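Structure data follow from coords27.cif (mmCIF, C-alpha atoms and all ligand atoms):
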data_structure
#
loop_
_atom_site.group_PDB
_atom_site.id
_atom_site.type_symbol
_atom_site.label_atom_id
_atom_site.label_comp_id
_atom_site.auth_asym_id
_atom_site.auth_seq_id
_atom_site.Cartn_x
_atom_site.Cartn_y
_atom_site.Cartn_z
ATOM 1 C CA MET A 1 -7.808 13.481 23.348
ATOM 2 C CA TRP A 2 -5.571 11.303 21.250
ATOM 3 C CA THR A 3 -5.019 7.614 20.631
ATOM 4 C CA GLN A 4 -2.279 5.306 19.477
ATOM 5 C CA ALA A 5 -4.560 2.287 19.357
ATOM 6 C CA VAL A 6 -5.254 2.686 15.628
ATOM 7 C CA ASP A 7 -3.052 1.629 12.702
ATOM 8 C CA LEU A 8 -4.700 1.394 9.308
ATOM 9 C CA HIS A 9 -1.828 0.745 6.926
ATOM 10 C CA CYS A 10 0.116 -2.490 6.967
ATOM 11 C CA HIS A 11 1.472 -5.062 4.482
ATOM 12 C CA SER A 12 1.732 -8.843 4.653
ATOM 13 C CA HIS A 13 3.338 -11.352 2.322
ATOM 14 C CA HIS A 14 0.176 -11.146 0.204
ATOM 15 C CA SER A 15 1.968 -8.141 -1.311
ATOM 16 C CA ASP A 16 5.421 -6.870 -0.362
ATOM 17 C CA GLY A 17 5.400 -7.483 3.401
ATOM 18 C CA LEU A 18 7.531 -10.063 5.159
ATOM 19 C CA TRP A 19 4.995 -11.716 7.470
ATOM 20 C CA SER A 20 1.645 -13.458 7.188
ATOM 21 C CA PRO A 21 -1.586 -11.553 7.966
ATOM 22 C CA SER A 22 -1.943 -13.396 11.295
ATOM 23 C CA GLU A 23 1.644 -12.627 12.322
ATOM 24 C CA MET A 24 1.002 -8.946 11.529
ATOM 25 C CA ALA A 25 -2.277 -9.020 13.467
ATOM 26 C CA LYS A 26 -0.427 -10.444 16.468
ATOM 27 C CA ARG A 27 2.261 -7.783 16.216
ATOM 28 C CA ALA A 28 -0.431 -5.091 16.033
ATOM 29 C CA HIS A 29 -2.153 -6.525 19.095
ATOM 30 C CA ASP A 30 1.128 -6.807 21.043
ATOM 31 C CA ALA A 31 1.862 -3.131 20.257
ATOM 32 C CA GLY A 32 -1.478 -2.057 21.772
ATOM 33 C CA VAL A 33 -3.433 -1.633 18.538
ATOM 34 C CA LYS A 34 -7.211 -2.073 18.891
ATOM 35 C CA VAL A 35 -8.349 -0.997 15.416
ATOM 36 C CA TRP A 36 -6.205 -2.431 12.661
ATOM 37 C CA SER A 37 -6.302 -2.724 8.885
ATOM 38 C CA LEU A 38 -4.335 -4.911 6.521
ATOM 39 C CA THR A 39 -3.781 -2.909 3.325
ATOM 40 C CA ASP A 40 -1.800 -5.048 0.931
ATOM 41 C CA HIS A 41 -1.041 -3.519 -2.454
ATOM 42 C CA ASP A 42 -3.862 -4.199 -4.928
ATOM 43 C CA THR A 43 -5.107 -7.382 -3.285
ATOM 44 C CA ASN A 44 -7.556 -8.486 -0.608
ATOM 45 C CA THR A 45 -6.454 -12.130 -0.472
ATOM 46 C CA GLY A 46 -5.167 -11.671 3.095
ATOM 47 C CA TRP A 47 -8.481 -10.459 4.574
ATOM 48 C CA ASP A 48 -9.898 -13.796 5.752
ATOM 49 C CA GLU A 49 -6.783 -14.810 7.638
ATOM 50 C CA ALA A 50 -6.411 -11.313 9.118
ATOM 51 C CA ALA A 51 -10.068 -11.199 10.214
ATOM 52 C CA ASP A 52 -9.820 -14.618 11.910
ATOM 53 C CA ALA A 53 -6.624 -13.622 13.702
ATOM 54 C CA CYS A 54 -8.165 -10.345 14.900
ATOM 55 C CA SER A 55 -11.297 -11.993 16.225
ATOM 56 C CA GLU A 56 -9.122 -14.424 18.222
ATOM 57 C CA LEU A 57 -7.010 -11.557 19.534
ATOM 58 C CA GLY A 58 -10.062 -9.434 20.352
ATOM 59 C CA ILE A 59 -9.161 -6.441 18.181
ATOM 60 C CA ARG A 60 -11.254 -4.797 15.464
ATOM 61 C CA PHE A 61 -10.274 -5.612 11.893
ATOM 62 C CA ILE A 62 -11.091 -3.215 9.070
ATOM 63 C CA PRO A 63 -10.587 -4.781 5.618
ATOM 64 C CA GLY A 64 -8.362 -2.511 3.530
ATOM 65 C CA VAL A 65 -6.400 -2.318 0.279
ATOM 66 C CA GLU A 66 -3.736 0.083 -0.979
ATOM 67 C CA ILE A 67 -4.710 0.695 -4.604
ATOM 68 C CA THR A 68 -1.955 1.750 -6.998
ATOM 69 C CA CYS A 69 -3.406 4.535 -9.138
ATOM 70 C CA ALA A 70 -2.140 6.687 -11.982
ATOM 71 C CA VAL A 71 -0.338 9.920 -11.051
ATOM 72 C CA GLU A 72 -3.011 12.572 -10.428
ATOM 73 C CA MET A 73 -0.896 15.751 -10.319
ATOM 74 C CA THR A 74 2.645 16.050 -11.590
ATOM 75 C CA SER A 75 5.337 17.666 -9.501
ATOM 76 C CA GLU A 76 8.846 18.919 -10.117
ATOM 77 C CA THR A 77 10.034 17.692 -6.741
ATOM 78 C CA SER A 78 8.695 14.140 -6.869
ATOM 79 C CA ASP A 79 9.297 11.396 -9.398
ATOM 80 C CA SER A 80 6.439 9.172 -8.166
ATOM 81 C CA THR A 81 5.160 6.930 -10.947
ATOM 82 C CA SER A 82 1.916 6.210 -9.091
ATOM 83 C CA TRP A 83 -0.345 7.560 -6.386
ATOM 84 C CA HIS A 84 -1.575 5.208 -3.658
ATOM 85 C CA LEU A 85 -5.191 5.285 -2.567
ATOM 86 C CA LEU A 86 -6.202 3.404 0.581
ATOM 87 C CA ALA A 87 -9.662 1.838 0.539
ATOM 88 C CA TYR A 88 -11.427 0.717 3.729
ATOM 89 C CA PHE A 89 -14.582 -1.320 4.180
ATOM 90 C CA PRO A 90 -15.659 -1.007 7.823
ATOM 91 C CA GLU A 91 -19.180 -2.167 6.896
ATOM 92 C CA GLY A 92 -18.135 -4.907 4.466
ATOM 93 C CA CYS A 93 -17.388 -4.977 0.770
ATOM 94 C CA SER A 94 -19.422 -5.963 -2.284
ATOM 95 C CA PRO A 95 -18.096 -8.765 -4.551
ATOM 96 C CA GLU A 96 -17.831 -6.318 -7.478
ATOM 97 C CA PHE A 97 -14.881 -4.686 -5.761
ATOM 98 C CA THR A 98 -12.968 -7.970 -5.613
ATOM 99 C CA SER A 99 -13.553 -8.578 -9.339
ATOM 100 C CA TRP A 100 -12.415 -5.056 -10.154
ATOM 101 C CA LEU A 101 -9.262 -5.545 -8.054
ATOM 102 C CA GLU A 102 -8.569 -8.921 -9.656
ATOM 103 C CA SER A 103 -8.570 -7.348 -13.107
ATOM 104 C CA PHE A 104 -5.631 -5.155 -12.035
ATOM 105 C CA LYS A 105 -3.944 -7.982 -10.165
ATOM 106 C CA ASP A 106 -4.194 -10.186 -13.244
ATOM 107 C CA SER A 107 -2.553 -7.509 -15.362
ATOM 108 C CA ARG A 108 0.567 -7.886 -13.193
ATOM 109 C CA VAL A 109 1.262 -11.316 -14.713
ATOM 110 C CA PRO A 110 1.836 -10.193 -18.342
ATOM 111 C CA ARG A 111 3.710 -7.174 -16.982
ATOM 112 C CA MET A 112 6.058 -9.444 -14.974
ATOM 113 C CA LYS A 113 6.564 -11.643 -18.053
ATOM 114 C CA SER A 114 7.472 -8.572 -20.052
ATOM 115 C CA MET A 115 10.008 -7.547 -17.385
ATOM 116 C CA LEU A 116 11.456 -11.075 -17.521
ATOM 117 C CA SER A 117 11.759 -10.823 -21.324
ATOM 118 C CA ALA A 118 13.557 -7.517 -20.916
ATOM 119 C CA LEU A 119 15.973 -9.115 -18.425
ATOM 120 C CA ALA A 120 16.474 -12.081 -20.768
ATOM 121 C CA GLU A 121 17.380 -9.707 -23.592
ATOM 122 C CA LEU A 122 19.886 -8.131 -21.232
ATOM 123 C CA GLY A 123 21.434 -11.567 -20.624
ATOM 124 C CA HIS A 124 19.627 -12.805 -17.508
ATOM 125 C CA GLN A 125 17.126 -15.657 -17.910
ATOM 126 C CA ILE A 126 14.736 -16.151 -14.987
ATOM 127 C CA PRO A 127 11.775 -18.557 -15.326
ATOM 128 C CA PHE A 128 8.426 -16.980 -14.355
ATOM 129 C CA GLU A 129 7.876 -19.706 -11.721
ATOM 130 C CA ASP A 130 11.048 -18.636 -9.884
ATOM 131 C CA VAL A 131 9.415 -15.249 -9.282
ATOM 132 C CA ALA A 132 5.856 -16.493 -8.762
ATOM 133 C CA LYS A 133 6.889 -18.770 -5.906
ATOM 134 C CA PHE A 134 7.627 -15.672 -3.764
ATOM 135 C CA ALA A 135 4.239 -14.091 -4.471
ATOM 136 C CA GLU A 136 1.236 -15.154 -2.467
ATOM 137 C CA GLY A 137 -1.174 -12.526 -3.844
ATOM 138 C CA SER A 138 -0.171 -9.912 -6.409
ATOM 139 C CA ILE A 139 3.139 -10.490 -8.139
ATOM 140 C CA GLY A 140 5.456 -7.501 -8.230
ATOM 141 C CA ARG A 141 8.962 -6.172 -8.365
ATOM 142 C CA PRO A 142 9.964 -7.121 -4.798
ATOM 143 C CA HIS A 143 9.382 -10.772 -5.763
ATOM 144 C CA LEU A 144 11.431 -10.323 -8.905
ATOM 145 C CA ALA A 145 14.205 -8.743 -6.843
ATOM 146 C CA ARG A 146 14.266 -11.819 -4.603
ATOM 147 C CA ALA A 147 14.456 -14.127 -7.624
ATOM 148 C CA MET A 148 17.316 -12.017 -8.991
ATOM 149 C CA ILE A 149 19.216 -12.543 -5.737
ATOM 150 C CA GLU A 150 18.540 -16.282 -5.881
ATOM 151 C CA HIS A 151 19.848 -16.379 -9.454
ATOM 152 C CA GLY A 152 23.008 -14.552 -8.401
ATOM 153 C CA ILE A 153 22.295 -11.559 -10.662
ATOM 154 C CA VAL A 154 22.387 -9.101 -7.745
ATOM 155 C CA GLU A 155 23.389 -9.347 -4.112
ATOM 156 C CA THR A 156 20.660 -7.190 -2.549
ATOM 157 C CA MET A 157 17.084 -6.103 -3.240
ATOM 158 C CA GLN A 158 18.311 -2.516 -3.431
ATOM 159 C CA GLN A 159 20.838 -3.414 -6.116
ATOM 160 C CA ALA A 160 18.074 -5.055 -8.159
ATOM 161 C CA PHE A 161 16.077 -1.806 -8.053
ATOM 162 C CA ASP A 162 19.072 0.482 -8.560
ATOM 163 C CA ASP A 163 20.509 -1.366 -11.539
ATOM 164 C CA TRP A 164 17.592 -3.143 -13.224
ATOM 165 C CA ILE A 165 13.989 -2.773 -12.117
ATOM 166 C CA GLY A 166 13.665 0.647 -10.436
ATOM 167 C CA ASP A 167 11.293 3.087 -12.148
ATOM 168 C CA SER A 168 13.997 4.192 -14.562
ATOM 169 C CA GLY A 169 15.739 0.814 -14.813
ATOM 170 C CA PRO A 170 16.253 -1.011 -18.131
ATOM 171 C CA ALA A 171 13.933 -3.913 -17.180
ATOM 172 C CA PHE A 172 11.141 -1.803 -15.645
ATOM 173 C CA ARG A 173 7.736 -1.993 -17.331
ATOM 174 C CA GLU A 174 4.601 -0.002 -16.504
ATOM 175 C CA ARG A 175 1.313 -1.716 -15.846
ATOM 176 C CA PRO A 176 -2.250 -0.446 -16.401
ATOM 177 C CA LEU A 177 -3.472 1.661 -13.470
ATOM 178 C CA PRO A 178 -6.874 3.118 -12.534
ATOM 179 C CA THR A 179 -7.185 6.862 -12.019
ATOM 180 C CA ILE A 180 -7.914 8.124 -8.495
ATOM 181 C CA ALA A 181 -11.410 9.120 -9.682
ATOM 182 C CA GLU A 182 -12.119 5.603 -11.008
ATOM 183 C CA ALA A 183 -10.861 3.997 -7.811
ATOM 184 C CA VAL A 184 -12.910 6.355 -5.599
ATOM 185 C CA GLU A 185 -16.042 5.615 -7.579
ATOM 186 C CA MET A 186 -15.487 1.857 -7.363
ATOM 187 C CA VAL A 187 -14.773 1.927 -3.612
ATOM 188 C CA HIS A 188 -17.805 4.104 -2.866
ATOM 189 C CA SER A 189 -20.133 1.953 -4.942
ATOM 190 C CA SER A 190 -18.774 -1.106 -3.082
ATOM 191 C CA GLY A 191 -19.545 0.387 0.333
ATOM 192 C CA GLY A 192 -16.103 1.675 1.321
ATOM 193 C CA ILE A 193 -14.257 4.909 2.009
ATOM 194 C CA THR A 194 -10.909 6.164 0.737
ATOM 195 C CA SER A 195 -7.812 7.915 2.030
ATOM 196 C CA LEU A 196 -4.822 9.215 0.111
ATOM 197 C CA ALA A 197 -1.799 7.215 1.341
ATOM 198 C CA HIS A 198 1.404 8.998 2.425
ATOM 199 C CA PRO A 199 0.453 12.419 0.965
ATOM 200 C CA GLY A 200 3.992 13.657 1.584
ATOM 201 C CA TYR A 201 5.333 11.484 -1.271
ATOM 202 C CA TYR A 202 3.857 13.350 -4.192
ATOM 203 C CA GLY A 203 5.511 16.746 -3.954
ATOM 204 C CA ILE A 204 2.260 18.752 -4.095
ATOM 205 C CA PRO A 205 1.704 21.781 -1.778
ATOM 206 C CA SER A 206 -0.775 20.765 0.942
ATOM 207 C CA ASP A 207 -3.490 23.292 0.061
ATOM 208 C CA GLU A 208 -3.527 22.316 -3.635
ATOM 209 C CA LEU A 209 -3.448 18.638 -2.743
ATOM 210 C CA VAL A 210 -6.337 18.807 -0.273
ATOM 211 C CA GLN A 211 -8.406 20.879 -2.687
ATOM 212 C CA ARG A 212 -7.951 18.245 -5.397
ATOM 213 C CA LEU A 213 -8.791 15.385 -3.021
ATOM 214 C CA VAL A 214 -12.019 17.099 -2.012
ATOM 215 C CA THR A 215 -12.933 17.609 -5.675
ATOM 216 C CA LEU A 216 -12.220 13.941 -6.356
ATOM 217 C CA GLY A 217 -14.413 12.826 -3.451
ATOM 218 C CA VAL A 218 -11.551 11.246 -1.485
ATOM 219 C CA ASP A 219 -12.815 10.869 2.102
ATOM 220 C CA CYS A 220 -9.630 11.206 4.182
ATOM 221 C CA ILE A 221 -5.952 12.024 4.009
ATOM 222 C CA GLU A 222 -3.259 9.921 5.696
ATOM 223 C CA ALA A 223 -1.747 12.894 7.507
ATOM 224 C CA VAL A 224 -0.266 10.608 10.152
ATOM 225 C CA HIS A 225 1.987 8.297 8.138
ATOM 226 C CA GLY A 226 5.121 6.541 9.409
ATOM 227 C CA SER A 227 7.381 8.526 7.063
ATOM 228 C CA HIS A 228 5.930 12.000 7.743
ATOM 229 C CA PRO A 229 7.662 14.458 10.067
ATOM 230 C CA ASP A 230 5.423 15.963 12.768
ATOM 231 C CA SER A 231 5.441 19.290 10.906
ATOM 232 C CA LEU A 232 3.708 17.727 7.894
ATOM 233 C CA ARG A 233 1.286 15.751 10.084
ATOM 234 C CA PHE A 234 0.123 18.912 11.845
ATOM 235 C CA GLU A 235 0.005 20.899 8.624
ATOM 236 C CA LEU A 236 -2.248 18.336 6.931
ATOM 237 C CA MET A 237 -4.504 18.038 9.989
ATOM 238 C CA GLN A 238 -5.396 21.738 9.735
ATOM 239 C CA TYR A 239 -7.813 21.099 6.851
ATOM 240 C CA ALA A 240 -11.421 19.981 7.073
ATOM 241 C CA LEU A 241 -10.580 16.639 5.447
ATOM 242 C CA PRO A 242 -10.574 13.880 8.131
ATOM 243 C CA THR A 243 -7.342 12.011 8.834
ATOM 244 C CA SER A 244 -6.383 8.362 8.687
ATOM 245 C CA VAL A 245 -3.314 6.923 10.406
ATOM 246 C CA GLY A 246 -0.846 4.433 9.005
ATOM 247 C CA GLY A 247 2.513 3.064 10.083
ATOM 248 C CA ASP A 248 2.951 1.344 6.683
ATOM 249 C CA SER A 249 4.770 -1.553 8.329
ATOM 250 C CA HIS A 250 6.135 -4.126 5.891
ATOM 251 C CA GLY A 251 7.653 -6.242 8.685
ATOM 252 C CA THR A 252 11.158 -5.168 7.700
ATOM 253 C CA GLU A 253 13.839 -3.791 10.066
ATOM 254 C CA LYS A 254 12.830 -0.126 9.882
ATOM 255 C CA ARG A 255 9.323 -0.768 11.120
ATOM 256 C CA PRO A 256 8.763 -4.459 11.945
ATOM 257 C CA SER A 257 5.360 -4.047 13.628
ATOM 258 C CA PRO A 258 2.248 -1.879 13.305
ATOM 259 C CA GLY A 259 1.217 0.589 16.023
ATOM 260 C CA LYS A 260 2.703 3.366 18.169
ATOM 261 C CA MET A 261 1.272 6.065 15.888
ATOM 262 C CA PRO A 262 -0.373 8.820 17.963
ATOM 263 C CA VAL A 263 -3.269 10.698 16.330
ATOM 264 C CA PRO A 264 -5.679 13.314 17.770
ATOM 265 C CA LEU A 265 -9.211 11.840 17.877
ATOM 266 C CA LYS A 266 -10.829 15.037 16.614
ATOM 267 C CA HIS A 267 -8.966 14.687 13.313
ATOM 268 C CA LEU A 268 -9.348 10.905 12.917
ATOM 269 C CA HIS A 269 -12.264 9.889 10.658
ATOM 270 C CA ARG A 270 -15.148 8.661 12.823
ATOM 271 C CA CYS A 271 -15.174 5.208 11.144
ATOM 272 C CA PHE A 272 -11.831 4.426 12.734
ATOM 273 C CA HIS A 273 -12.381 5.499 16.338
ATOM 274 C CA PRO A 274 -11.450 2.798 18.859
HETATM 275 P P1 LIG B 1 5.359 -2.990 -8.273
HETATM 276 O O1 LIG B 1 4.007 -2.763 -7.663
HETATM 277 O O2 LIG B 1 5.534 -4.378 -8.800
HETATM 278 O O3 LIG B 1 5.717 -1.932 -9.271
HETATM 279 O O4 LIG B 1 6.415 -2.873 -7.073
HETATM 280 C C1 LIG B 1 6.360 -1.776 -6.207
HETATM 281 C C2 LIG B 1 7.070 -2.110 -4.907
HETATM 282 O O5 LIG B 1 8.464 -2.276 -5.158
HETATM 283 C C3 LIG B 1 6.971 -0.997 -3.893
HETATM 284 O O6 LIG B 1 5.841 -1.143 -3.060
HETATM 285 C C4 LIG B 1 8.229 -1.170 -3.084
HETATM 286 O O7 LIG B 1 8.023 -2.161 -2.077
HETATM 287 C C5 LIG B 1 9.206 -1.724 -4.089
HETATM 288 N N1 LIG B 1 10.077 -0.680 -4.660
HETATM 289 C C6 LIG B 1 9.781 0.182 -5.651
HETATM 290 N N2 LIG B 1 10.829 0.982 -5.949
HETATM 291 C C7 LIG B 1 11.837 0.598 -5.120
HETATM 292 C C8 LIG B 1 13.185 1.021 -4.926
HETATM 293 N N3 LIG B 1 13.738 1.993 -5.685
HETATM 294 N N4 LIG B 1 13.914 0.412 -3.975
HETATM 295 C C9 LIG B 1 13.378 -0.584 -3.230
HETATM 296 N N5 LIG B 1 12.117 -1.040 -3.356
HETATM 297 C C10 LIG B 1 11.350 -0.458 -4.293
HETATM 298 FE FE FE B 2 4.753 -1.504 -0.117
HETATM 299 FE FE FE B 3 2.241 3.125 -0.581
HETATM 300 ZN ZN ZN B 4 1.900 0.832 1.961
#
Could you render the structure as structure tokens?
Amino acid sequence: MWTQAVDLHCHSHHSDGLWSPSEMAKRAHDAGVKVWSLTDHDTNTGWDEAADACSELGIRFIPGVEITCAVEMTSETSDSTSWHLLAYFPEGCSPEFTSWLESFKDSRVPRMKSMLSALAELGHQIPFEDVAKFAEGSIGRPHLARAMIEHGIVETMQQAFDDWIGDSGPAFRERPLPTIAEAVEMVHSSGGITSLAHPGYYGIPSDELVQRLVTLGVDCIEAVHGSHPDSLRFELMQYALPTSVGGDSHGTEKRPSPGKMPVPLKHLHRCFHP
């Protein structure tokens, strides 16, 4: 038995997605999704709108967040500067979690200002407000890239990352990140469960990775991710760790809508069954 009625990884304009939470909910519904989660980066400000849209559409909404965490294991084949932990709250979420999240969201503001100072020193002045106007929830580099286009500094988002604000760019600045262990503890004490997002990104052999996740108390692994080849999906589903499934739609051309992600029910964590 398998299903493609579940998609638990999706972004709205509350982080780096193109569409509103309700537009994404509608796209999920139209693609046949019955259990859906909005997992904006480091913010839950889209939950209310998403939940309302889902109840109107008659699909189940699971509140989610994709938490940017510090790198847990270094790899020679991956230059990831963060690991992404998905948090889900099928039974609701305590207010402490929101405060914890806000503390990281708030730290994005001084970090953005420091990136703007770096750009100014390199000859490109952009007022903070010109970036902030693109950000509905947590302000980040995609918003800066859009402001850079508007100011005529670059022509495309990609050029902004390649030349200026990519992880090794001259105007890139780090921001404070929780460890995976800290995030897991916070999510568990707030009533949620966790899944390691897109495990194929980190360049760690599957057996070592799964072993570490189990030690850390991570509940699931996102074996079925939009970017993973089938070979990796099946490999990761061989372990005892339950699976989550995520298209990681941002509303952009490559994957405009959630859904159409088949997953075997026996591997899918029981919280997410349709
Ligand atoms: P931030 O959380 O502010 O560091 O921004 C991270 C986001 O920027 C990611 O989720 C991507 O959407 C985007 N991003 C990061 N690196 C690149 C890149 N090299 N090219 C295009 N987009 C990128
Ligand atoms: Fe993203
Ligand atoms: Fe991610
Ligand atoms: Zn994502």
Ala223 of chain A environment, 7 Å, only C-alpha atoms, sequence neighbours closer than 5 positions dropped, as a list in words: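 Using only C-alpha atoms, the neighbours found are Pro199, Arg233, Leu236, Met237, Thr243, Ser244 and Val245 of chain A.
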Residues near segment 262-272 of chain A, cut-off 12 Å, only C-alpha atoms, skip fewer than 2 positions along chain, as a VMD selection string: chain A and resid 1 to 8 32 to 37 60 to 63 88 to 91 192 to 195 219 to 226 230 233 to 247 258 to 260 274
Top pick for closest residue to ligand FE 2 (chain B), considering A:Ser20, A:Gln158, A:Ser206, A:Thr68 and counting all atoms listed in the file: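 Among A:Ser20, A:Gln158, A:Ser206, A:Thr68, it is A:Thr68 that comes nearest to ligand FE 2 (chain B).
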Site check for ligand FE 3 (chain B): residues at most 9 Å away, all atoms listed in the file, as a list in words: His9, His41, Glu66, Ile67, Thr68, Trp83, His84, Leu85, Leu86, Ala197, His198, Tyr201 and Asp248 of chain A
Picked residues, the PyMOL selection byres (((not hetatm)) within 7 of (chain B and resi 1)), as a VMD selection string: chain A and resid 16 139 to 142 157 to 158 161 to 162 166 to 167
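If you look at atom CA of Trp164 of chain A and atom CA of Val71 of chain A, they are 22.3 Å away from each other.
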Distance query 6 Å from (1.9, -13.1, 0.6) using all atoms listed in the file, result as a PyMOL selection string: chain A and resi 12-15+135-137
Polymer residues at most 12 Å from Asp52 of chain A, all atoms listed in the file, same-chain spacing of 2 or more positions, as a list of chain:residue names: A:Pro21, A:Ser22, A:Glu23, A:Ala25, A:Lys26, A:Gly46, A:Trp47, A:Asp48, A:Glu49, A:Ala50, A:Cys54, A:Ser55, A:Glu56, A:Leu57, A:Gly58, A:Ile59, A:Arg60, A:Phe61, A:Ile62, A:Pro63
Go ahead and save the picked residues with C-alpha atoms, as a PDB file, in the coordinates of the input.
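Result file out-v5.pdb:
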ATOM      1  CA  PRO A  21      -1.586 -11.553   7.966  1.00  0.00           C
ATOM      2  CA  SER A  22      -1.943 -13.396  11.295  1.00  0.00           C
ATOM      3  CA  GLU A  23       1.644 -12.627  12.322  1.00  0.00           C
ATOM      4  CA  ALA A  25      -2.277  -9.020  13.467  1.00  0.00           C
ATOM      5  CA  LYS A  26      -0.427 -10.444  16.468  1.00  0.00           C
ATOM      6  CA  GLY A  46      -5.167 -11.671   3.095  1.00  0.00           C
ATOM      7  CA  TRP A  47      -8.481 -10.459   4.574  1.00  0.00           C
ATOM      8  CA  ASP A  48      -9.898 -13.796   5.752  1.00  0.00           C
ATOM      9  CA  GLU A  49      -6.783 -14.810   7.638  1.00  0.00           C
ATOM     10  CA  ALA A  50      -6.411 -11.313   9.118  1.00  0.00           C
ATOM     11  CA  CYS A  54      -8.165 -10.345  14.900  1.00  0.00           C
ATOM     12  CA  SER A  55     -11.297 -11.993  16.225  1.00  0.00           C
ATOM     13  CA  GLU A  56      -9.122 -14.424  18.222  1.00  0.00           C
ATOM     14  CA  LEU A  57      -7.010 -11.557  19.534  1.00  0.00           C
ATOM     15  CA  GLY A  58     -10.062  -9.434  20.352  1.00  0.00           C
ATOM     16  CA  ILE A  59      -9.161  -6.441  18.181  1.00  0.00           C
ATOM     17  CA  ARG A  60     -11.254  -4.797  15.464  1.00  0.00           C
ATOM     18  CA  PHE A  61     -10.274  -5.612  11.893  1.00  0.00           C
ATOM     19  CA  ILE A  62     -11.091  -3.215   9.070  1.00  0.00           C
ATOM     20  CA  PRO A  63     -10.587  -4.781   5.618  1.00  0.00           C
TER      21      PRO A  63
END
Å distance separating atom CA of Val131 of chain A from atom CA of Phe104 of chain A, one decimal place: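 Here the two named atoms are 18.3 Å from each other.
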Point-to-point distance in Å for atom CA of Thr179 of chain A and atom CA of Ser99 of chain A: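 About the pair atom CA of Ser99 of chain A and atom CA of Thr179 of chain A: they are 16.9 Å apart.
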Selection: 10 Å around Ser190 of chain A, all atoms listed in the file, excl. self and same-chain fewer than 2 positions, as a list in words: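 Near neighbours after the sequence-gap exclusion: Phe89, Gly92, Cys93, Ser94, Pro95, Glu96, Phe97, Thr98, Val184, Glu185, Met186, Val187, His188, Gly192 and Ile193 of chain A.
Using only C-alpha atoms and all ligand atoms, the smallest distance between any of A:Ser249, A:Thr43, A:Gln125, A:Thr81 and ligand FE 2 (chain B) comes from A:Ser249.
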